[in-house]
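Containing mmCIF, C-alpha atoms: query.cif.
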data_structure
loop_
_atom_site.group_PDB
_atom_site.id
_atom_site.type_symbol
_atom_site.label_atom_id
_atom_site.label_comp_id
_atom_site.auth_asym_id
_atom_site.auth_seq_id
_atom_site.Cartn_x
_atom_site.Cartn_y
_atom_site.Cartn_z
ATOM 1 C CA MET A 28 13.118 -7.925 14.401
ATOM 2 C CA ARG A 29 10.391 -10.365 15.208
ATOM 3 C CA ASN A 30 7.949 -9.933 12.303
ATOM 4 C CA VAL A 31 8.439 -10.775 8.652
ATOM 5 C CA LYS A 32 5.530 -10.004 6.360
ATOM 6 C CA ILE A 33 5.299 -10.887 2.709
ATOM 7 C CA LEU A 34 2.665 -8.954 0.809
ATOM 8 C CA CYS A 35 1.810 -10.796 -2.396
ATOM 9 C CA VAL A 36 -0.455 -9.868 -5.236
ATOM 10 C CA GLY A 37 -2.296 -12.996 -6.318
ATOM 11 C CA LYS A 38 -2.854 -16.445 -4.885
ATOM 12 C CA LEU A 39 -0.784 -19.578 -5.327
ATOM 13 C CA LYS A 40 -2.516 -21.952 -7.716
ATOM 14 C CA GLU A 41 -0.353 -25.053 -7.423
ATOM 15 C CA ARG A 42 -0.445 -27.281 -4.357
ATOM 16 C CA TYR A 43 3.272 -28.091 -4.515
ATOM 17 C CA LEU A 44 4.069 -24.365 -4.244
ATOM 18 C CA SER A 45 1.650 -23.932 -1.333
ATOM 19 C CA ASP A 46 3.222 -26.931 0.398
ATOM 20 C CA ALA A 47 6.723 -25.509 -0.067
ATOM 21 C CA CYS A 48 5.623 -22.138 1.325
ATOM 22 C CA ALA A 49 3.994 -23.847 4.305
ATOM 23 C CA GLU A 50 7.224 -25.717 5.051
ATOM 24 C CA TYR A 51 9.330 -22.539 5.080
ATOM 25 C CA ILE A 52 6.711 -20.686 7.134
ATOM 26 C CA LYS A 53 6.869 -23.524 9.670
ATOM 27 C CA ARG A 54 10.673 -23.333 9.780
ATOM 28 C CA LEU A 55 10.673 -19.547 10.091
ATOM 29 C CA HIS A 56 8.619 -19.715 13.297
ATOM 30 C CA ALA A 57 11.874 -20.636 15.073
ATOM 31 C CA PHE A 58 13.267 -17.185 14.217
ATOM 32 C CA CYS A 59 10.381 -14.774 13.705
ATOM 33 C CA LYS A 60 6.662 -14.355 13.276
ATOM 34 C CA PRO A 61 6.152 -14.847 9.524
ATOM 35 C CA GLU A 62 2.980 -13.773 7.766
ATOM 36 C CA ILE A 63 1.885 -13.902 4.152
ATOM 37 C CA ILE A 64 -0.831 -11.505 3.083
ATOM 38 C CA GLU A 65 -2.357 -12.193 -0.318
ATOM 39 C CA LEU A 66 -3.952 -9.286 -2.135
ATOM 40 C CA PRO A 67 -6.259 -9.737 -5.124
ATOM 41 C CA GLU A 68 -4.718 -9.404 -8.547
ATOM 42 C CA SER A 69 -6.522 -6.934 -10.801
ATOM 43 C CA ARG A 70 -8.339 -8.494 -13.727
ATOM 44 C CA MET A 71 -6.892 -7.492 -17.046
ATOM 45 C CA PRO A 72 -7.853 -8.129 -20.678
ATOM 46 C CA ASP A 73 -5.670 -10.489 -22.706
ATOM 47 C CA ASN A 74 -3.865 -7.644 -24.459
ATOM 48 C CA PRO A 75 -4.010 -4.690 -22.063
ATOM 49 C CA SER A 76 -3.102 -1.195 -23.158
ATOM 50 C CA GLU A 77 -0.397 0.820 -21.386
ATOM 51 C CA ALA A 78 -3.167 2.842 -19.691
ATOM 52 C CA GLU A 79 -4.854 -0.343 -18.416
ATOM 53 C CA ILE A 80 -1.544 -1.645 -17.067
ATOM 54 C CA ALA A 81 -0.845 1.696 -15.360
ATOM 55 C CA ALA A 82 -4.318 1.710 -13.788
ATOM 56 C CA CYS A 83 -3.817 -1.866 -12.596
ATOM 57 C CA LEU A 84 -0.460 -1.041 -11.009
ATOM 58 C CA LYS A 85 -1.940 2.039 -9.345
ATOM 59 C CA ARG A 86 -4.865 0.048 -7.852
ATOM 60 C CA GLU A 87 -2.664 -2.787 -6.662
ATOM 61 C CA GLY A 88 -0.094 -0.305 -5.344
ATOM 62 C CA GLU A 89 -2.681 1.506 -3.235
ATOM 63 C CA GLU A 90 -3.806 -1.805 -1.713
ATOM 64 C CA ILE A 91 -0.206 -2.808 -0.996
ATOM 65 C CA LEU A 92 0.709 0.525 0.611
ATOM 66 C CA ALA A 93 -2.371 0.311 2.859
ATOM 67 C CA LYS A 94 -1.161 -3.050 4.231
ATOM 68 C CA ILE A 95 2.414 -2.032 5.108
ATOM 69 C CA PRO A 96 2.805 -1.817 8.891
ATOM 70 C CA PRO A 97 3.986 1.554 10.249
ATOM 71 C CA GLY A 98 7.736 1.629 10.839
ATOM 72 C CA ALA A 99 8.390 -1.501 8.779
ATOM 73 C CA MET A 100 11.462 -1.866 6.605
ATOM 74 C CA VAL A 101 9.910 -2.157 3.142
ATOM 75 C CA VAL A 102 11.600 -4.420 0.594
ATOM 76 C CA PRO A 103 9.913 -4.399 -2.829
ATOM 77 C CA MET A 104 10.942 -7.277 -5.074
ATOM 78 C CA CYS A 105 11.591 -5.846 -8.525
ATOM 79 C CA ILE A 106 13.736 -6.605 -11.530
ATOM 80 C CA GLU A 107 15.717 -3.376 -11.225
ATOM 81 C CA GLY A 108 16.434 -4.111 -7.558
ATOM 82 C CA LYS A 109 19.767 -4.971 -6.026
ATOM 83 C CA GLN A 110 20.967 -8.555 -6.208
ATOM 84 C CA LEU A 111 22.316 -9.805 -2.882
ATOM 85 C CA SER A 112 24.016 -13.000 -1.860
ATOM 86 C CA SER A 113 22.404 -15.008 0.919
ATOM 87 C CA GLU A 114 25.047 -13.692 3.318
ATOM 88 C CA GLU A 115 24.336 -10.097 2.290
ATOM 89 C CA LEU A 116 20.609 -10.580 2.860
ATOM 90 C CA ALA A 117 21.402 -12.044 6.276
ATOM 91 C CA ARG A 118 23.430 -8.904 7.096
ATOM 92 C CA GLU A 119 20.553 -6.664 5.958
ATOM 93 C CA LEU A 120 18.096 -8.496 8.222
ATOM 94 C CA LEU A 121 20.547 -8.417 11.129
ATOM 95 C CA SER A 122 21.150 -4.707 10.588
ATOM 96 C CA ALA A 123 17.401 -4.042 10.618
ATOM 97 C CA SER A 124 17.118 -5.906 13.913
ATOM 98 C CA VAL A 125 20.034 -4.008 15.470
ATOM 99 C CA GLN A 126 18.411 -0.723 14.382
ATOM 100 C CA GLY A 127 15.285 -1.712 16.304
ATOM 101 C CA ILE A 128 13.123 -2.347 13.247
ATOM 102 C CA SER A 129 10.480 -4.792 14.433
ATOM 103 C CA CYS A 130 9.040 -5.704 11.030
ATOM 104 C CA VAL A 131 10.490 -6.325 7.596
ATOM 105 C CA CYS A 132 7.861 -6.283 4.859
ATOM 106 C CA PHE A 133 8.770 -7.907 1.541
ATOM 107 C CA ILE A 134 6.492 -7.120 -1.397
ATOM 108 C CA ILE A 135 5.872 -9.336 -4.418
ATOM 109 C CA GLY A 136 3.793 -7.615 -7.078
ATOM 110 C CA GLY A 137 1.456 -9.112 -9.625
ATOM 111 C CA SER A 138 2.370 -10.282 -13.098
ATOM 112 C CA TRP A 139 2.742 -6.652 -14.242
ATOM 113 C CA GLY A 140 5.145 -5.778 -11.429
ATOM 114 C CA LEU A 141 4.883 -3.002 -8.860
ATOM 115 C CA SER A 142 3.866 0.632 -9.056
ATOM 116 C CA GLU A 143 6.538 3.277 -8.715
ATOM 117 C CA ALA A 144 4.854 4.396 -5.468
ATOM 118 C CA VAL A 145 5.455 0.960 -3.923
ATOM 119 C CA LYS A 146 9.031 0.815 -5.176
ATOM 120 C CA SER A 147 9.686 4.294 -3.772
ATOM 121 C CA ALA A 148 8.413 3.210 -0.345
ATOM 122 C CA GLY A 149 11.212 0.644 -0.166
ATOM 123 C CA LYS A 150 14.394 1.017 1.815
ATOM 124 C CA LEU A 151 15.914 -1.767 -0.246
ATOM 125 C CA ARG A 152 14.748 -2.790 -3.703
ATOM 126 C CA LEU A 153 15.632 -6.429 -4.106
ATOM 127 C CA SER A 154 15.973 -8.579 -7.235
ATOM 128 C CA MET A 155 16.234 -12.356 -7.138
ATOM 129 C CA SER A 156 18.135 -12.716 -10.363
ATOM 130 C CA LYS A 157 18.546 -11.448 -13.889
ATOM 131 C CA MET A 158 16.807 -14.648 -14.958
ATOM 132 C CA THR A 159 13.052 -14.852 -15.412
ATOM 133 C CA PHE A 160 11.133 -17.168 -13.089
ATOM 134 C CA PRO A 161 7.451 -18.032 -12.889
ATOM 135 C CA HIS A 162 5.692 -15.377 -10.825
ATOM 136 C CA GLN A 163 4.299 -17.927 -8.381
ATOM 137 C CA LEU A 164 7.729 -19.442 -7.722
ATOM 138 C CA ALA A 165 8.992 -16.096 -6.395
ATOM 139 C CA ARG A 166 7.183 -16.580 -3.082
ATOM 140 C CA VAL A 167 8.841 -19.953 -2.434
ATOM 141 C CA MET A 168 12.255 -18.634 -3.436
ATOM 142 C CA LEU A 169 11.899 -15.571 -1.207
ATOM 143 C CA LEU A 170 10.757 -17.618 1.799
ATOM 144 C CA GLU A 171 13.698 -19.974 1.366
ATOM 145 C CA GLN A 172 16.156 -17.082 1.231
ATOM 146 C CA ILE A 173 14.634 -15.432 4.305
ATOM 147 C CA TYR A 174 14.912 -18.744 6.149
ATOM 148 C CA ARG A 175 18.497 -19.126 4.937
ATOM 149 C CA ALA A 176 19.332 -15.578 6.108
ATOM 150 C CA PHE A 177 17.995 -16.263 9.603
ATOM 151 C CA SER A 178 19.881 -19.579 9.636
ATOM 152 C CA ILE A 179 23.111 -17.818 8.678
ATOM 153 C CA ASN A 180 22.612 -15.256 11.445
ATOM 154 C CA ALA A 181 21.922 -18.058 13.944
ATOM 155 C CA GLY A 182 25.078 -19.933 12.896
ATOM 156 C CA SER A 183 23.086 -23.012 11.867
ATOM 157 C CA LYS A 184 24.360 -25.687 9.517
ATOM 158 C CA TYR A 185 21.508 -25.145 7.032
ATOM 159 C CA HIS A 186 23.617 -22.734 5.006
ATOM 160 C CA LYS A 187 26.572 -24.547 3.491
#

How does the structure come out when it is put into structure tokens?
Amino acid sequence: MRNVKILCVGKLKERYLSDACAEYIKRLHAFCKPEIIELPESRMPDNPSEAEIAACLKREGEEILAKIPPGAMVVPMCIEGKQLSSEELARELLSASVQGISCVCFIIGGSWGLSEAVKSAGKLRLSMSKMTFPHQLARVMLLEQIYRAFSINAGSKYHK
């Protein structure tokens, strides 16, 4: 596997988060071709109805699905996903590479999550934790774990 894409709904607003992402992107270049694709977050009223949320998820989901490269291993990040250790994620990425998968595409939804269509497209639904984190921090955490997984597979001393 040489390509790692992260499809994200929404833009980072804080410079310190952008700087952290840039650092991990720089480090990942030693192992793969990383790419972050930001998709616009749908505007929602302050107290959206269930129908408005569903319409938002559908719109965002269609945009996400259109950006997934053909043949990619799709990994939606969702609360009901599987929780993996860093070593287990490293094995998943190594397995994808051995199977000849040239791109792994991680997906981070907007503040309302991901549509069922996007989740269903995934080979592996992944959850970071049972804890709640700020939506914008998810990108940094995911990049760090991807970097850690590649470091584990390379036998580097980064992972202790």

By how many Å are atom CA of A:Glu68 and atom CA of A:Lys109 apart?
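These atoms are spaced 25.0 Å apart.
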
Name the residues captured by the PyMOL selection byres ((chain A and resi 139) around 10) when it is applied to the shown file; answer as a VMD selection string.
chain A and resid 68 to 69 80 to 81 83 to 84 136 to 138 140 to 142 162

Resulting file, chosen residues, C-alpha atoms, as a PDB file, in the frame of the given file:
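Result file result_19.pdb:
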ATOM      1  CA  GLU A  68      -4.718  -9.404  -8.547  1.00  0.00           C
ATOM      2  CA  SER A  69      -6.522  -6.934 -10.801  1.00  0.00           C
ATOM      3  CA  ILE A  80      -1.544  -1.645 -17.067  1.00  0.00           C
ATOM      4  CA  ALA A  81      -0.845   1.696 -15.360  1.00  0.00           C
ATOM      5  CA  CYS A  83      -3.817  -1.866 -12.596  1.00  0.00           C
ATOM      6  CA  LEU A  84      -0.460  -1.041 -11.009  1.00  0.00           C
ATOM      7  CA  GLY A 136       3.793  -7.615  -7.078  1.00  0.00           C
ATOM      8  CA  GLY A 137       1.456  -9.112  -9.625  1.00  0.00           C
ATOM      9  CA  SER A 138       2.370 -10.282 -13.098  1.00  0.00           C
ATOM     10  CA  GLY A 140       5.145  -5.778 -11.429  1.00  0.00           C
ATOM     11  CA  LEU A 141       4.883  -3.002  -8.860  1.00  0.00           C
ATOM     12  CA  SER A 142       3.866   0.632  -9.056  1.00  0.00           C
ATOM     13  CA  HIS A 162       5.692 -15.377 -10.825  1.00  0.00           C
TER      14      HIS A 162
END

Polymer residues at most 9 Å from A:Asn180, all atoms listed in the file, same-chain spacing of 4 or more positions, as JSON, numbers by chain:
{"A": [114, 117, 118, 120, 121, 175, 176]}

Best match for closeness to A:Ala99 among A:Cys59, A:Lys32, A:Leu164, A:Glu77, counting only C-alpha atoms
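Of A:Cys59, A:Lys32, A:Leu164, A:Glu77, the one nearest A:Ala99, counting only C-alpha atoms, is A:Lys32.
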
Can you measure atom CA of A:Phe133 to atom CA of A:Pro61 for me? One decimal in Å is fine.
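Between atom CA of A:Phe133 and atom CA of A:Pro61 the gap works out to 10.9 Å.
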
Shell of 9 Å around stretch 44-52 of chain A, all atoms listed in the file, local chain residues under 2 positions omitted, as a PDB file with C-alpha atoms, in the frame of the given file:
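Dumped to selection.pdb:
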ATOM      1  CA  LEU A  39      -0.784 -19.578  -5.327  1.00  0.00           C
ATOM      2  CA  LYS A  40      -2.516 -21.952  -7.716  1.00  0.00           C
ATOM      3  CA  GLU A  41      -0.353 -25.053  -7.423  1.00  0.00           C
ATOM      4  CA  ARG A  42      -0.445 -27.281  -4.357  1.00  0.00           C
ATOM      5  CA  ARG A  54      10.673 -23.333   9.780  1.00  0.00           C
ATOM      6  CA  LEU A  55      10.673 -19.547  10.091  1.00  0.00           C
ATOM      7  CA  HIS A  56       8.619 -19.715  13.297  1.00  0.00           C
ATOM      8  CA  LYS A  60       6.662 -14.355  13.276  1.00  0.00           C
ATOM      9  CA  PRO A  61       6.152 -14.847   9.524  1.00  0.00           C
ATOM     10  CA  GLU A  62       2.980 -13.773   7.766  1.00  0.00           C
ATOM     11  CA  ILE A  63       1.885 -13.902   4.152  1.00  0.00           C
ATOM     12  CA  GLN A 163       4.299 -17.927  -8.381  1.00  0.00           C
ATOM     13  CA  LEU A 164       7.729 -19.442  -7.722  1.00  0.00           C
ATOM     14  CA  ARG A 166       7.183 -16.580  -3.082  1.00  0.00           C
ATOM     15  CA  VAL A 167       8.841 -19.953  -2.434  1.00  0.00           C
ATOM     16  CA  MET A 168      12.255 -18.634  -3.436  1.00  0.00           C
ATOM     17  CA  LEU A 170      10.757 -17.618   1.799  1.00  0.00           C
ATOM     18  CA  GLU A 171      13.698 -19.974   1.366  1.00  0.00           C
ATOM     19  CA  ILE A 173      14.634 -15.432   4.305  1.00  0.00           C
ATOM     20  CA  TYR A 174      14.912 -18.744   6.149  1.00  0.00           C
TER      21      TYR A 174
END

Put the listed atoms of stretch 116-124 of chain A in a box along x, y and z with 5 Å added on every side and give me the centre and edge lengths in Å to one decimal, as AutoDock Vina command-line options.
--center_x 20.3 --center_y -8.0 --center_z 8.4 --size_x 16.3 --size_y 18.0 --size_z 21.1

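Our summary of the geometry notes that atom CA of A:Leu92 is positioned 6.6 Å from atom CA of A:Val145.
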
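Comparing the minimum interatomic distances between A:Val101 and each of A:Leu66, A:Ile33, A:Met155, A:Ala82, counting only C-alpha atoms, we find that A:Ile33 sits nearest.
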
Which residues are close to A:Lys150, i.e. within 9 Å by all atoms listed in the file, leaving aside same-chain residues fewer than 3 positions away? Reply as a list in words.
Met100, Val101, Val102, Pro103, Lys146 and Ser147 of chain A

Fewer than 6 positions away in the same chain doesn't count, so skip those; otherwise give me all residues within 12 Å of A:Ala93, counting only C-alpha atoms, as number ranges by chain.
A: 34, 64, 66, 86-87, 144-145, 148

Contacts of A:Ile128 at 8 Å (all atoms listed in the file; same-chain gap of 2+ positions) as a list in words
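These residues fall inside the cut-off: Met28, Gly98, Ala99, Met100, Ala123, Ser124, Val125, Gln126, Cys130 and Val131 of chain A.
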